[in-house]
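**Student:** First the structure, which I've put down as structure tokens, then a few questions once you've had a look.
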Protein chains: 2
Amino acid sequence: MGLVDIDDIAAAAARIDGYVLRTPLLDCERLSTELGCRVLVKAENLQHTGSFKPRGACNALLSWREQGRLPDRVVSFSAGNHAAAVAFAGSQLGVTATVAMPEAAQSSKVDNVRRYGGEIVPTTDLMGTCEELARRYGCPTLYPFDLPEVIAGQGTVGREICADAEPDLVLAPVGGGGLIGGIATAVKAAAPRCRVVGVEPELFNAMRLALDAGEVVPLPRGEPTIADGLAAPFAGEHTLAQVQRYVDDVVGVTERDIAAAWPAMVGATKLLLEPSAVVGLAALRAGVVDVPSGGTVVLVASGGNAVAPPG
Amino acid sequence: MGLVDIDDIAAAAARIDGYVLRTPLLDCERLSTELGCRVLVKAENLQHTGSFKPRGACNALLSWREQGRLPDRVVSFSAGNHAAAVAFAGSQLGVTATVAMPEAAQSSKVDNVRRYGGEIVPTTDLMGTCEELARRYGCPTLYPFDLPEVIAGQGTVGREICADAEPDLVLAPVGGGGLIGGIATAVKAAAPRCRVVGVEPELFNAMRLALDAGEVVPLPRGEPTIADGLAAPFAGEHTLAQVQRYVDDVVGVTERDIAAAWPAMVGATKLLLEPSAVVGLAALRAGVVDVPSGGTVVLVASGGNAVAPPG
């Protein structure tokens with residue numbers, strides 16, 4: 001399979017309809033006033049499980065079912081949001097979900113996986129544990145980002161954005177690159193002149209390193225980021241190709257910028273968001289992405305699985 | 001002027017279109033699972049200024065402008081959300097807003113009034129100070145609830161709910177009664193068999209007392225409520241009549257029930273809400289309102305102007 005294209009995303013949208021919510025694109029008057037442009041927030045924190053992740057997970061399982069190869073069990077690895085999404089999608093389709101998660105995962109994310117009946121295996125070696133689980137159970141891995149079905153599912157976010165608005169700039173968080181890759185593919189098909197920029201924590205700049213190297217580069221183990229949902233230790237082969245083809249730029253933001261943007265964006269949008277969801281605002285405020293003055297900016301608020309920021 | 005009717009609300013909806021947002025009615029899968037019915041949340045925290053209040057304030061000023069009597073200044077009194085709404089509406093129409101607010105008002109609410117250019121007069125005597133301001137400036141008072149234009153404006157919340165869903169039960173917070181009065185009028189016109197129930201803090205049960213007495217009864221000064229937006233010291237003449245005619249019941253919830261429902265509803269909905277916005281959930285959880293098993297319940301989340309609840 002080559003790159004995910006707009007037809008794959010349209011097929012994903014049809015497939016997951018009824019399993020996931022069509023989330024609202026919300027006008028934020030306070031951020032619009034602050035930034036001097038129209039700011040719209042794609043509120044994926046309001047998606048089932050509290051993040052965009054069920055789009056990709058449901059598209060993968062439903063695709064497999066269409067192909068007559070729906071397993072009884074899937075395994076995966078995740079900081080938490082993909083884990084909850086796999087558990088959610090599995091609960092819809094009668095598939096047991098077993099997920100390797102960091103021992104230091106946020107307790108709200110652990111609770112969220114259990115809420116949907118997912119089995120958690122705490123580990124310090126996400127990939128190794130996931131591979132071991134796949135061998136033990138003889139079942140497929142529903143990878144968190146580097147799977148065409150997942151990229152196509154996440155791309156439905158971009159498809160919905162372009163159905164609701166005519167953006168000049170779309171900013172989306174980057175962990176492993178499934179969300180930004182899918183969104184960019186959908187947005188460039190509908191609005192070729194719209195800029196699509198990915199934002200990752202400087203501490204976890206796996207996509208930037210992969211773009212610069214022209215290949216996937218594993219990150220050295222470093223400091224944790226407050227944006228725990230974006231702490232992917234590497235980009236994916238599929239996601240890198242997708243980003244190379246469709247994304248205008250990938251920029252980094254500091255921990256300080258993310259921490260400052262977090263309560264600001266929660267207060268301005270009145271949405272409960274996790275730090276990963278505010279990196280776009282952090283990038284605009286830090287000046288690492290230019291504001292299209294008088295234009296329309298979409299911030300993809302990827303999830304809300306955190307306790308609230310300090311007020 | 002007699003009771004506000006559905007035509008008044010339709011006129012208000014046309015009048016305020018473009019000044020206020022049409023807020024989403026959000027499916028909440030977690031609360032639906034918990035309560036055994038379909039739970040929809042009318043997210044008025046996402047309205048401009050962070051609460052439903054601009055609907056009524058804009059309808060009042062726009063009505064006055066239609067009648068050729070738009071003043072240069074208005075005064076009012078408010079715990080904060082109506083104050084911000086008057087400032088917001090005034091800023092749209094070139095009207096200065098001066099509002100009496102409690103000396104102990106939430107700082108987030110004070111900031112929110114200033115954000116829209118409103119003038120604040122801190123006081124321990126809201127009504128007396130407001131009357132003095134009206135005399136000093138020789139200008140009209142844009143009352144927070146007991147004004148037909150305000151009731152009609154708040155009623156657009158109910159009109160939107162019935163355009164988006166077919167509820168069996170609508171629960172709305174009650175302070176002075178403008179919101180519940182307007183909503184009930186709209187809902188009973190569109191869905192006569194839907195129950196409409198108001199929920200107020202037991203500590204500020206001014207509407208319950210007024211219903212029992214058949215007339216407005218001032219509350220003795222008592223303990224403050226965590227739901228500061230509902231701390232109206234009396235119901236209104238207009239709102240009482242509206243509630244008597246259209247509302248099925250008005251119930252009370254304890255401070256403990258509100259405090260427990262607050263983080264639960266924020267976590268389940270992923271919306272930043274203030275305590276006043278969660279009294280409907282508190283009533284369902286406490287059993288003071290019956291859940292229509294398998295039916296559709298709308299919780300009106302009236303505002304989000306608070307720091308986040310303890311996680």
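Here, A, B, ... name the chains of the structure tokens in the order displayed, residue numbers run from 1 inside each chain, and ligands are numbered from 1 in the same displayed order.
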Contacts from chain A to chain B, 6 Å maximum, only C-alpha atoms: show me the residue list as a list in words.
**Tutor:**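 In the required form, that comes to Lys270, Leu271, Leu272, Val307, Ala308 and Gly311 of chain A.
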**Student:** What's the 8 Å shell around Ala282 (chain B), counting only C-alpha atoms, without same-chain residues fewer than 4 positions away, as number ranges by chain?
**Tutor:** B: 253, 257-258, 260-261, 278, 286
**Student:** Quick one: everything within 8 Å of Val247 (chain A), counting only C-alpha atoms, minus sequence neighbours fewer than 6 positions away in the same chain. Send it as a list of chain:residue names.
**Tutor:**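 Close residues of Val247 (chain A): A:Ile180, A:Gly181, A:Ala184, A:Arg195, A:Val196, A:Val197, A:Gly198.
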**Student:** List the neighbours of region 53-68 of chain A out to 6 Å using only C-alpha atoms; skip same-chain residues closer than 3 positions along the sequence, and give me the result as a list of chain:residue names.
**Tutor:** A:Ala12, A:Ile16, A:His82, A:Ala85, A:Val86, A:Ala89, A:Glu149, A:Val150, A:Gly153, A:Gln154
**Student:** Print the selection's residues with N, CA and C atoms to a file, as an mmCIF file, in the first residue's frame.
**Tutor:**
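This went into part04.cif:
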```cif
data_model
loop_
_atom_site.group_PDB
_atom_site.id
_atom_site.type_symbol
_atom_site.label_atom_id
_atom_site.label_comp_id
_atom_site.auth_asym_id
_atom_site.auth_seq_id
_atom_site.Cartn_x
_atom_site.Cartn_y
_atom_site.Cartn_z
ATOM 1 N N ALA A 12 -12.899 5.838 5.038
ATOM 2 C CA ALA A 12 -12.825 5.746 6.504
ATOM 3 C C ALA A 12 -13.986 6.497 7.145
ATOM 4 N N ILE A 16 -16.562 4.656 9.733
ATOM 5 C CA ILE A 16 -16.613 4.919 11.187
ATOM 6 C C ILE A 16 -17.832 5.743 11.590
ATOM 7 N N HIS A 82 -4.467 6.207 22.721
ATOM 8 C CA HIS A 82 -4.685 5.142 21.740
ATOM 9 C C HIS A 82 -5.141 3.866 22.450
ATOM 10 N N ALA A 85 -8.703 4.112 23.004
ATOM 11 C CA ALA A 85 -9.398 4.018 21.718
ATOM 12 C C ALA A 85 -9.472 2.571 21.234
ATOM 13 N N VAL A 86 -8.401 1.814 21.417
ATOM 14 C CA VAL A 86 -8.411 0.403 21.011
ATOM 15 C C VAL A 86 -9.410 -0.364 21.876
ATOM 16 N N ALA A 89 -12.900 0.729 20.610
ATOM 17 C CA ALA A 89 -13.227 0.114 19.318
ATOM 18 C C ALA A 89 -13.448 -1.387 19.493
ATOM 19 N N GLU A 149 -4.512 2.334 7.814
ATOM 20 C CA GLU A 149 -5.901 2.444 8.263
ATOM 21 C C GLU A 149 -6.040 3.473 9.391
ATOM 22 N N VAL A 150 -5.026 3.544 10.237
ATOM 23 C CA VAL A 150 -5.057 4.526 11.333
ATOM 24 C C VAL A 150 -4.880 5.937 10.780
ATOM 25 N N GLY A 153 -8.084 6.986 9.175
ATOM 26 C CA GLY A 153 -9.098 7.312 10.186
ATOM 27 C C GLY A 153 -8.870 8.676 10.802
ATOM 28 N N GLN A 154 -7.625 8.950 11.167
ATOM 29 C CA GLN A 154 -7.331 10.271 11.762
ATOM 30 C C GLN A 154 -7.562 11.382 10.733
#
```
**Student:** So that I can check the surroundings of Gly182 (chain A), please list as a VMD selection string every protein, DNA and RNA residue that reaches within 12 Å of it, counting only C-alpha atoms and ignoring chain neighbours fewer than 4 positions away.
**Tutor:** chain A and resid 3 to 10 12 to 13 52 55 to 56 145 to 160 172 to 174 176 to 178 186 to 189 196 198 238 to 243 245 to 247
**Student:** Do a neighbour search on Pro224 (chain B) at 8 Å with only C-alpha atoms, toss out local chain neighbours closer than 4 positions, and write the hits as an mmCIF file with N, CA and C atoms, in the first residue's frame.
**Tutor:**
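For reference, around_4.cif as written:
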```cif
data_model
loop_
_atom_site.group_PDB
_atom_site.id
_atom_site.type_symbol
_atom_site.label_atom_id
_atom_site.label_comp_id
_atom_site.auth_asym_id
_atom_site.auth_seq_id
_atom_site.Cartn_x
_atom_site.Cartn_y
_atom_site.Cartn_z
ATOM 1 N N LEU B 203 -29.638 26.051 49.261
ATOM 2 C CA LEU B 203 -29.314 27.269 50.007
ATOM 3 C C LEU B 203 -29.906 28.521 49.347
ATOM 4 N N ASP B 228 -22.164 29.915 42.629
ATOM 5 C CA ASP B 228 -22.335 31.359 42.857
ATOM 6 C C ASP B 228 -23.228 32.010 41.810
ATOM 7 N N ALA B 231 -27.011 32.332 42.948
ATOM 8 C CA ALA B 231 -27.288 32.905 44.267
ATOM 9 C C ALA B 231 -28.205 34.120 44.179
#
```
**Student:** Could you pull out the helix (DSSP H, G or I) residues of region 108-141 of chain B from DSSP and send them as a PyMOL selection string?
**Tutor:** chain B and resi 108-115+126-137
**Student:** I need the residues from that last selection saved to file as a PDB file, in the first residue's frame (with N, CA and C atoms), if you can.
**Tutor:**
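out11.pdb, written as the output of this step:
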```pdb
ATOM      1  N   SER B 108     -12.187  35.288  38.431  1.00  0.00           N
ATOM      2  CA  SER B 108     -12.318  34.971  37.009  1.00  0.00           C
ATOM      3  C   SER B 108     -13.510  35.708  36.412  1.00  0.00           C
ATOM      4  N   LYS B 109     -14.526  35.942  37.211  1.00  0.00           N
ATOM      5  CA  LYS B 109     -15.708  36.660  36.715  1.00  0.00           C
ATOM      6  C   LYS B 109     -15.442  38.161  36.623  1.00  0.00           C
ATOM      7  N   VAL B 110     -14.692  38.693  37.582  1.00  0.00           N
ATOM      8  CA  VAL B 110     -14.297  40.106  37.508  1.00  0.00           C
ATOM      9  C   VAL B 110     -13.469  40.349  36.247  1.00  0.00           C
ATOM     10  N   ASP B 111     -12.486  39.488  36.024  1.00  0.00           N
ATOM     11  CA  ASP B 111     -11.643  39.624  34.824  1.00  0.00           C
ATOM     12  C   ASP B 111     -12.490  39.569  33.561  1.00  0.00           C
ATOM     13  N   ASN B 112     -13.493  38.730  33.587  1.00  0.00           N
ATOM     14  CA  ASN B 112     -14.305  38.516  32.387  1.00  0.00           C
ATOM     15  C   ASN B 112     -15.156  39.749  32.051  1.00  0.00           C
ATOM     16  N   VAL B 113     -15.587  40.475  33.060  1.00  0.00           N
ATOM     17  CA  VAL B 113     -16.344  41.723  32.822  1.00  0.00           C
ATOM     18  C   VAL B 113     -15.402  42.776  32.240  1.00  0.00           C
ATOM     19  N   ARG B 114     -14.217  42.870  32.811  1.00  0.00           N
ATOM     20  CA  ARG B 114     -13.235  43.863  32.341  1.00  0.00           C
ATOM     21  C   ARG B 114     -12.800  43.561  30.912  1.00  0.00           C
ATOM     22  N   ARG B 115     -12.745  42.278  30.578  1.00  0.00           N
ATOM     23  CA  ARG B 115     -12.330  41.875  29.222  1.00  0.00           C
ATOM     24  C   ARG B 115     -13.202  42.536  28.162  1.00  0.00           C
ATOM     25  N   LEU B 126     -26.334  44.614  46.220  1.00  0.00           N
ATOM     26  CA  LEU B 126     -26.413  44.624  44.758  1.00  0.00           C
ATOM     27  C   LEU B 126     -27.555  45.505  44.262  1.00  0.00           C
ATOM     28  N   MET B 127     -28.758  45.266  44.779  1.00  0.00           N
ATOM     29  CA  MET B 127     -29.937  45.969  44.281  1.00  0.00           C
ATOM     30  C   MET B 127     -29.867  47.463  44.576  1.00  0.00           C
ATOM     31  N   GLY B 128     -29.491  47.773  45.832  1.00  0.00           N
ATOM     32  CA  GLY B 128     -29.435  49.176  46.230  1.00  0.00           C
ATOM     33  C   GLY B 128     -28.408  49.949  45.408  1.00  0.00           C
ATOM     34  N   THR B 129     -27.255  49.336  45.209  1.00  0.00           N
ATOM     35  CA  THR B 129     -26.215  50.002  44.427  1.00  0.00           C
ATOM     36  C   THR B 129     -26.658  50.172  42.981  1.00  0.00           C
ATOM     37  N   CYS B 130     -27.303  49.165  42.454  1.00  0.00           N
ATOM     38  CA  CYS B 130     -27.779  49.256  41.070  1.00  0.00           C
ATOM     39  C   CYS B 130     -28.802  50.394  40.928  1.00  0.00           C
ATOM     40  N   GLU B 131     -29.709  50.480  41.878  1.00  0.00           N
ATOM     41  CA  GLU B 131     -30.716  51.551  41.813  1.00  0.00           C
ATOM     42  C   GLU B 131     -30.058  52.927  41.897  1.00  0.00           C
ATOM     43  N   GLU B 132     -29.044  53.026  42.762  1.00  0.00           N
ATOM     44  CA  GLU B 132     -28.320  54.296  42.905  1.00  0.00           C
ATOM     45  C   GLU B 132     -27.607  54.662  41.594  1.00  0.00           C
ATOM     46  N   LEU B 133     -26.997  53.631  40.951  1.00  0.00           N
ATOM     47  CA  LEU B 133     -26.314  53.882  39.677  1.00  0.00           C
ATOM     48  C   LEU B 133     -27.305  54.337  38.603  1.00  0.00           C
ATOM     49  N   ALA B 134     -28.469  53.710  38.580  1.00  0.00           N
ATOM     50  CA  ALA B 134     -29.486  54.086  37.592  1.00  0.00           C
ATOM     51  C   ALA B 134     -29.917  55.539  37.787  1.00  0.00           C
ATOM     52  N   ARG B 135     -30.065  55.937  39.059  1.00  0.00           N
ATOM     53  CA  ARG B 135     -30.437  57.332  39.340  1.00  0.00           C
ATOM     54  C   ARG B 135     -29.302  58.274  38.933  1.00  0.00           C
ATOM     55  N   ARG B 136     -28.091  57.904  39.313  1.00  0.00           N
ATOM     56  CA  ARG B 136     -26.953  58.782  39.035  1.00  0.00           C
ATOM     57  C   ARG B 136     -26.804  59.033  37.532  1.00  0.00           C
ATOM     58  N   TYR B 137     -26.949  57.948  36.736  1.00  0.00           N
ATOM     59  CA  TYR B 137     -26.706  58.086  35.302  1.00  0.00           C
ATOM     60  C   TYR B 137     -27.982  58.369  34.517  1.00  0.00           C
TER      61      TYR B 137
END
```
**Student:** Hey, what's within 9 Å of Thr123 (chain A) if we count only C-alpha atoms and toss same-chain stuff fewer than 5 positions away? As a PDB file with N, CA and C atoms, in the first residue's frame, please?
**Tutor:**
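Output below, filename around.pdb:
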```pdb
ATOM      1  N   ALA A 100       0.171  -2.362  26.001  1.00  0.00           N
ATOM      2  CA  ALA A 100       1.338  -1.998  26.802  1.00  0.00           C
ATOM      3  C   ALA A 100       1.316  -0.489  27.048  1.00  0.00           C
ATOM      4  N   MET A 101       1.428  -0.105  28.316  1.00  0.00           N
ATOM      5  CA  MET A 101       1.426   1.321  28.665  1.00  0.00           C
ATOM      6  C   MET A 101       2.585   1.625  29.589  1.00  0.00           C
ATOM      7  N   PRO A 102       3.071   2.860  29.584  1.00  0.00           N
ATOM      8  CA  PRO A 102       4.185   3.213  30.466  1.00  0.00           C
ATOM      9  C   PRO A 102       3.794   3.009  31.933  1.00  0.00           C
ATOM     10  N   GLU A 103       4.752   2.574  32.732  1.00  0.00           N
ATOM     11  CA  GLU A 103       4.485   2.451  34.174  1.00  0.00           C
ATOM     12  C   GLU A 103       4.097   3.799  34.764  1.00  0.00           C
ATOM     13  N   ALA A 104       4.601   4.872  34.163  1.00  0.00           N
ATOM     14  CA  ALA A 104       4.331   6.218  34.682  1.00  0.00           C
ATOM     15  C   ALA A 104       3.153   6.886  33.971  1.00  0.00           C
ATOM     16  N   THR A 129       7.432  -4.990  24.804  1.00  0.00           N
ATOM     17  CA  THR A 129       6.310  -5.650  25.470  1.00  0.00           C
ATOM     18  C   THR A 129       5.178  -5.917  24.491  1.00  0.00           C
TER      19      THR A 129
END
```
**Student:** Please indicate the distance in Å from CA of Ala105 (chain A) to CA of Arg208 (chain A), rounded to one decimal place.
**Tutor:** 24.7 Å
**Student:** Suppose you want the space between CA of Ala206 (chain A) and CA of Ile226 (chain A); what is it in Å?
**Tutor:**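 Here the two named atoms are 16.0 Å from each other.
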**Student:** So how many Å separate CA of Phe88 (chain A) and CA of Leu40 (chain B), to one decimal?
**Tutor:** 19.8 Å
**Student:** From a backbone DSSP assignment, name each residue in region 64-307 of chain B labelled strand (DSSP E or B), as an MDAnalysis selection string.
**Tutor:** chainID B and resid 73:77 96:102 119:123 141 169:173 195:201 249:253 271 296:301 303
**Student:** Write the selection just made, keeping C-alpha atoms, as a compact mmCIF listing (two decimals), in the first residue's frame?
**Tutor:**
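Okay, again_22.txt is ready:
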```txt
# COMPACT_ATOMS: atom_id res chain seq x y z
CA ARG B 73 -25.27 53.45 29.12
CA VAL B 74 -26.98 50.67 31.03
CA VAL B 75 -26.56 49.53 34.60
CA SER B 76 -27.19 46.16 36.18
CA PHE B 77 -26.27 43.84 39.04
CA THR B 96 -21.33 51.58 28.25
CA ALA B 97 -22.06 48.94 30.89
CA THR B 98 -21.78 49.65 34.62
CA VAL B 99 -22.52 46.72 36.88
CA ALA B 100 -22.84 46.25 40.63
CA MET B 101 -21.06 43.04 41.63
CA PRO B 102 -20.47 41.34 44.99
CA GLU B 119 -17.28 48.99 34.63
CA ILE B 120 -17.59 47.21 37.98
CA VAL B 121 -18.90 48.70 41.23
CA PRO B 122 -18.16 46.27 44.07
CA THR B 123 -20.85 46.24 46.74
CA THR B 141 -31.38 48.88 34.16
CA LEU B 169 -36.49 15.66 30.03
CA VAL B 170 -34.68 19.00 30.09
CA LEU B 171 -32.89 20.06 33.28
CA ALA B 172 -31.75 23.66 33.67
CA PRO B 173 -30.21 25.61 36.55
CA ARG B 195 -40.68 17.38 31.13
CA VAL B 196 -38.85 20.59 32.02
CA VAL B 197 -37.40 20.74 35.52
CA GLY B 198 -35.45 23.54 37.16
CA VAL B 199 -32.71 22.87 39.70
CA GLU B 200 -31.55 25.36 42.32
CA PRO B 201 -29.20 25.10 45.28
CA ASP B 249 -41.06 21.12 38.74
CA VAL B 250 -38.30 22.98 40.54
CA VAL B 251 -36.09 20.92 42.84
CA GLY B 252 -33.19 21.64 45.19
CA VAL B 253 -29.73 20.11 45.48
CA LEU B 271 -16.00 20.81 29.21
CA THR B 296 -33.18 11.40 26.17
CA VAL B 297 -32.12 13.90 28.83
CA VAL B 298 -30.72 17.34 28.10
CA LEU B 299 -28.53 18.95 30.76
CA VAL B 300 -28.18 22.68 30.23
CA ALA B 301 -24.56 23.49 31.11
CA GLY B 303 -21.51 28.45 32.00
```
**Student:** Here is a test: counting only C-alpha atoms, which residue of A:Leu230, A:Ala190, A:Leu31, A:Ala235 is nearest to Ala213 (chain A)?
**Tutor:** A:Ala235
**Student:** Which of these residues is nearest to Ala277 (chain B), using only C-alpha atoms: B:Gly236, B:Gly2, B:Gly175, B:Gly118?
**Tutor:**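 Ranked by minimum distance to Ala277 (chain B), first place goes to B:Gly175.
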**Student:** For each of A:Glu202, A:Pro140, A:Glu215, A:Gln244, take the minimum atom-to-atom distance to Thr185 (chain A), counting only C-alpha atoms, then give the residue where this is smallest.
**Tutor:** A:Gln244
